[in-house]
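J.: The structure follows.
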Amino acid sequence: MTRPEDFTHREVHTPRGRMHYVEAGQGKPLVLLHGGHGGWVHWIANIEALARTHRVIAPDLPGFGLSDPPAAPPELPDHVAAAVGFLDALDLQRIDVAAFSFGTTVATTLVIEDPTRVERLALVSPPGLGTTSPESSALPQRSSAAARRGGFRAGVDNTMRELMLCNHERVTDPLLDMMVEYVGLTKYSTGPISIGYRMLDAMREIELPTLALIGDHDPFQNHELDLRLANVRGALRGVDARIVEGAAHWIQYDQPELVDRLLLEFFARP
C-alpha cells in the first residue's frame, strides 16, 4: 500500500482556516474531493496514476484530516465555501474535479454555483440516487456494535468490510492503521448532508461533461442498481454513467486500476 508519507504535503491559508493538501504531478489541475470520515487518503490508491497526466491536488476539507476545524458544525454551504476558498487561495480556475461520496455533494453544488470554473466532473459513489435499503441503514449500528465489543479499530474494520470494500484482501493492517488515524481526525459527521442531498436534481442542472461511477457491491446502491443507473443517465442527459464490477462503496480503492483508467480516459476527452 502506498503510504501517506510517500506524497508531498502542503498547506495554504484560506478564509476558512489553514487547509492541508497533497499535491503530485504536472499539467492541468485535477482536484480530488474526499468523502466523509476520512480525508485526502480516500484517493491514496489513485494519485500516482492520475498524476502522470495532471497536477493532482487532494485537500482535506475543514474538520477533516490535517486541516483546521471550523468554528461551528458546517452545513453544505460551508463546505462549498471552504472548497471555493481553497481554489481561490491556489488560484485554480479552469480545473477538472473528481469527487467521492459526500464530496460529490460539494462538487455538484460548486459546479451549479460557479459553472465556468470546472470543465469536467467525475462523481464516484454519489449519494442521493434513490431509496436507502434496510441493509445499508443498519450498517452504522453494526459498526458501532463492533466498536463497543472490540474497540475503535474493530469498528473501522467492520466498516471497511461491510461498506467500503468487497475485496477484503485489501483490508490490511497498514490500511486499518491509516483509516483509524484519519477517521479519528474527522470532527463532524457528513451523513445528514449526504442523506438529504437530492443528487438527481443537482445533476439535471449540470451541463459540463460528467462521469458517474457506481459500485455493483455498494450496499447503498446495489438493491436497485439498474434503476439508479437509468436515473443517472436520464438526469445527465446521456452523459456517461458506469457500473464498476467488483467494487463496494470505496470504488477507487477496491478497483484502483480500473477506476484510474476510466478517469484518465474521461479527463482526456476533448
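Following the order of the C-alpha cells, first chain is A, next is B, and so on, with residues numbered from 1 inside each chain and ligands from 1 in the order they appear.
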For segment 126-128 of chain A, please output as a PDB file with C-alpha atoms, in the first residue's frame all residues within 9 Å (counting only C-alpha atoms; exclusion window: fewer than 3 positions along the same chain).
T.:
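Full text of out.pdb as output:
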```pdb
ATOM      1  CA  ALA A  99     -15.242  13.657  -6.016  1.00  0.00           C
ATOM      2  CA  PHE A 100     -16.079  10.692  -3.824  1.00  0.00           C
ATOM      3  CA  SER A 101     -19.268  10.020  -1.824  1.00  0.00           C
ATOM      4  CA  PHE A 102     -20.007  13.062   0.385  1.00  0.00           C
ATOM      5  CA  GLY A 103     -17.522  15.042  -1.724  1.00  0.00           C
ATOM      6  CA  THR A 104     -19.849  14.720  -4.711  1.00  0.00           C
ATOM      7  CA  THR A 105     -22.403  16.901  -2.902  1.00  0.00           C
ATOM      8  CA  LEU A 123     -18.681  11.554  -9.393  1.00  0.00           C
ATOM      9  CA  THR A 131     -34.143   4.971  -1.627  1.00  0.00           C
ATOM     10  CA  THR A 132     -31.999   3.607   1.186  1.00  0.00           C
ATOM     11  CA  SER A 194     -25.425  13.013   2.041  1.00  0.00           C
ATOM     12  CA  ILE A 195     -28.762  11.514   3.076  1.00  0.00           C
ATOM     13  CA  GLY A 196     -30.669  14.719   2.417  1.00  0.00           C
ATOM     14  CA  TYR A 197     -28.962  15.689  -0.828  1.00  0.00           C
ATOM     15  CA  ARG A 198     -31.067  15.491  -3.990  1.00  0.00           C
ATOM     16  CA  MET A 199     -28.309  14.381  -6.340  1.00  0.00           C
ATOM     17  CA  LEU A 200     -30.533  13.652  -9.332  1.00  0.00           C
ATOM     18  CA  ALA A 212     -20.718   8.846 -12.622  1.00  0.00           C
ATOM     19  CA  LEU A 213     -19.338   5.580 -11.208  1.00  0.00           C
ATOM     20  CA  ILE A 214     -21.388   3.194  -9.038  1.00  0.00           C
ATOM     21  CA  PHE A 220     -26.064   1.960  -0.571  1.00  0.00           C
ATOM     22  CA  GLN A 221     -26.732   1.295  -4.256  1.00  0.00           C
TER      23      GLN A 221
END
```
J.: Where in segment 138-258 of chain A does DSSP assign alpha helix (DSSP H), given as a ChimeraX atom specification?
T.: /A:139-150,152-159,173-185,191-196,199-204,225-235,251-254,256-258
J.: Between A:Thr210, A:Gln93, A:Ser189, A:Thr108, single out the one closest to Pro140 of chain A, counting only C-alpha atoms.
T.: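 Closest residue, counting only C-alpha atoms: A:Ser189.
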J.: At what distance in Å, to one decimal, does atom CA of Glu257 of chain A lie from atom CA of Glu119 of chain A?
T.: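 Atom CA of Glu257 of chain A lies at a distance of 23.5 Å from atom CA of Glu119 of chain A.
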J.: Write out as a list in words the residues lying within 9 Å of Asp96 of chain A, counting only C-alpha atoms and excluding same-chain residues fewer than 6 positions away.
T.: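 Surrounding residues, per the criterion: Lys28, Pro29, Leu30, Val31, Leu32, Arg117, Val118, Glu119, Arg120, Leu121, Ala122 and Phe267 of chain A.
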J.: Dump N, CA and C atoms for the selected residues as a CSV table (one decimal), in the first residue's frame?
T.:
```
chain,number,residue,atom,x,y,z
A,28,LYS,N,-2.7,19.9,-16.3
A,28,LYS,CA,-3.9,20.6,-15.9
A,28,LYS,C,-4.3,20.2,-14.5
A,29,PRO,N,-4.8,21.1,-13.7
A,29,PRO,CA,-5.2,20.8,-12.3
A,29,PRO,C,-6.4,19.9,-12.3
A,30,LEU,N,-6.2,18.8,-11.4
A,30,LEU,CA,-7.3,17.9,-11.1
A,30,LEU,C,-7.4,17.9,-9.6
A,31,VAL,N,-8.6,18.4,-9.1
A,31,VAL,CA,-8.8,18.4,-7.7
A,31,VAL,C,-9.7,17.2,-7.3
A,32,LEU,N,-9.2,16.5,-6.3
A,32,LEU,CA,-9.9,15.4,-5.7
A,32,LEU,C,-10.5,15.7,-4.4
A,117,ARG,N,-15.9,27.4,-13.7
A,117,ARG,CA,-14.7,27.0,-13.1
A,117,ARG,C,-14.2,25.6,-13.4
A,118,VAL,N,-15.2,24.7,-13.4
A,118,VAL,CA,-14.9,23.3,-13.6
A,118,VAL,C,-15.2,22.9,-15.1
A,119,GLU,N,-14.3,22.1,-15.7
A,119,GLU,CA,-14.5,21.7,-17.1
A,119,GLU,C,-15.1,20.3,-17.2
A,120,ARG,N,-14.6,19.4,-16.4
A,120,ARG,CA,-15.1,18.0,-16.3
A,120,ARG,C,-15.3,17.6,-14.9
A,121,LEU,N,-16.3,16.8,-14.7
A,121,LEU,CA,-16.6,16.4,-13.3
A,121,LEU,C,-16.9,14.9,-13.3
A,122,ALA,N,-16.2,14.2,-12.4
A,122,ALA,CA,-16.3,12.8,-12.1
A,122,ALA,C,-16.9,12.6,-10.7
A,267,PHE,N,-11.0,12.2,-18.5
A,267,PHE,CA,-10.4,13.6,-18.5
A,267,PHE,C,-9.6,13.9,-19.7
```
J.: Which is closest to Ile44 of chain A among A:Trp250, A:Tyr188, A:Phe266, A:Phe64, if we use only C-alpha atoms?
T.: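 Residue with the minimum atom-to-atom distance to Ile44 of chain A: A:Trp250.
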J.: For Leu227 of chain A, work out the shell of residues within 10 Å, counting only C-alpha atoms and skipping chain neighbours fewer than 5 positions away, then give it as a list in words.
T.: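 Residues meeting the cut-off are Leu129, Gly130, Gln221, Asn222, Val232 and Arg233 of chain A.
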J.: With only C-alpha atoms as the atoms that count, which of A:Leu176, A:Ala58, A:Leu225, A:Met203 lies nearest to Tyr21 of chain A?
T.: A:Ala58
J.: Please list as a CSV table (one decimal) with N, CA and C atoms, in the first residue's frame every residue within 10 Å of Gly65 of chain A, counting only C-alpha atoms and excluding residues in the same chain fewer than 6 positions away.
T.:
```csv
chain,number,residue,atom,x,y,z
A,19,MET,N,-5.7,25.0,5.4
A,19,MET,CA,-6.1,23.7,4.8
A,19,MET,C,-4.9,22.9,4.3
A,20,HIS,N,-4.9,21.7,4.7
A,20,HIS,CA,-3.8,20.8,4.2
A,20,HIS,C,-4.2,20.1,2.9
A,21,TYR,N,-3.2,19.8,2.1
A,21,TYR,CA,-3.5,19.1,0.8
A,21,TYR,C,-2.2,18.4,0.4
A,37,HIS,N,-15.8,11.0,6.9
A,37,HIS,CA,-15.0,10.1,7.8
A,37,HIS,C,-13.7,9.7,7.1
A,38,GLY,N,-12.9,10.7,6.7
A,38,GLY,CA,-11.6,10.4,6.1
A,38,GLY,C,-10.9,11.7,5.8
A,39,GLY,N,-10.5,11.7,4.5
A,39,GLY,CA,-9.8,12.9,4.0
A,39,GLY,C,-9.2,12.6,2.7
A,40,TRP,N,-8.1,13.3,2.4
A,40,TRP,CA,-7.4,13.1,1.1
A,40,TRP,C,-7.0,11.6,0.8
A,41,VAL,N,-6.9,10.9,1.9
A,41,VAL,CA,-6.4,9.5,1.8
A,41,VAL,C,-7.5,8.6,1.1
A,59,PRO,N,-7.2,18.0,-1.3
A,59,PRO,CA,-7.3,18.7,0.0
A,59,PRO,C,-8.0,17.9,1.1
A,181,GLU,N,-6.5,6.4,12.0
A,181,GLU,CA,-5.9,7.7,12.2
A,181,GLU,C,-6.9,8.8,11.6
A,182,TYR,N,-7.2,8.6,10.3
A,182,TYR,CA,-8.0,9.7,9.6
A,182,TYR,C,-9.4,9.7,10.0
A,183,VAL,N,-10.0,8.6,10.3
A,183,VAL,CA,-11.4,8.6,10.8
A,183,VAL,C,-11.4,9.3,12.2
A,184,GLY,N,-10.4,9.0,13.0
A,184,GLY,CA,-10.3,9.7,14.3
A,184,GLY,C,-10.1,11.2,14.2
A,185,LEU,N,-9.5,11.6,13.1
A,185,LEU,CA,-9.3,13.1,12.9
A,185,LEU,C,-10.5,13.8,12.4
A,186,THR,N,-11.5,13.0,12.0
A,186,THR,CA,-12.7,13.7,11.5
A,186,THR,C,-13.5,14.3,12.6
A,187,LYS,N,-13.9,15.6,12.5
A,187,LYS,CA,-14.5,16.3,13.5
A,187,LYS,C,-16.1,16.3,13.4
```
J.: Quick one: pull the distance between atom CA of Arg16 of chain A and atom CA of Gly63 of chain A, Å, one decimal.
T.: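 Between these atoms lies a distance of 10.4 Å.
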J.: Find the spatial neighbours of Gln141 of chain A, counting only C-alpha atoms, within a cut-off of 12 Å - ignore same-chain residues fewer than 6 positions away - and output them as a PyMOL selection string.
T.: chain A and resi 134-135+147-148+155+158-159+162
J.: Find the residue from A:Gly215, A:Gly25, A:Pro270, A:Gly151 that sits nearest to Leu229 of chain A; use only C-alpha atoms when measuring.
T.: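 Among the listed residues, the smallest separation from Leu229 of chain A belongs to A:Gly215.
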J.: Using DSSP on the backbone coordinates, identify all residues within segment 171-245 of chain A classified as strand (DSSP E); present the result as a VMD selection string.
T.: chain A and resid 210 to 215 241 to 244
J.: Residues within 12 Å of Val84 of chain A, please, as a PyMOL selection string. Count only C-alpha atoms; anything in the same chain fewer than 3 positions from it doesn't count.
T.: chain A and resi 14-16+19+31+59+61+77-81+87-93+106-107+109-111+113-114+117-118
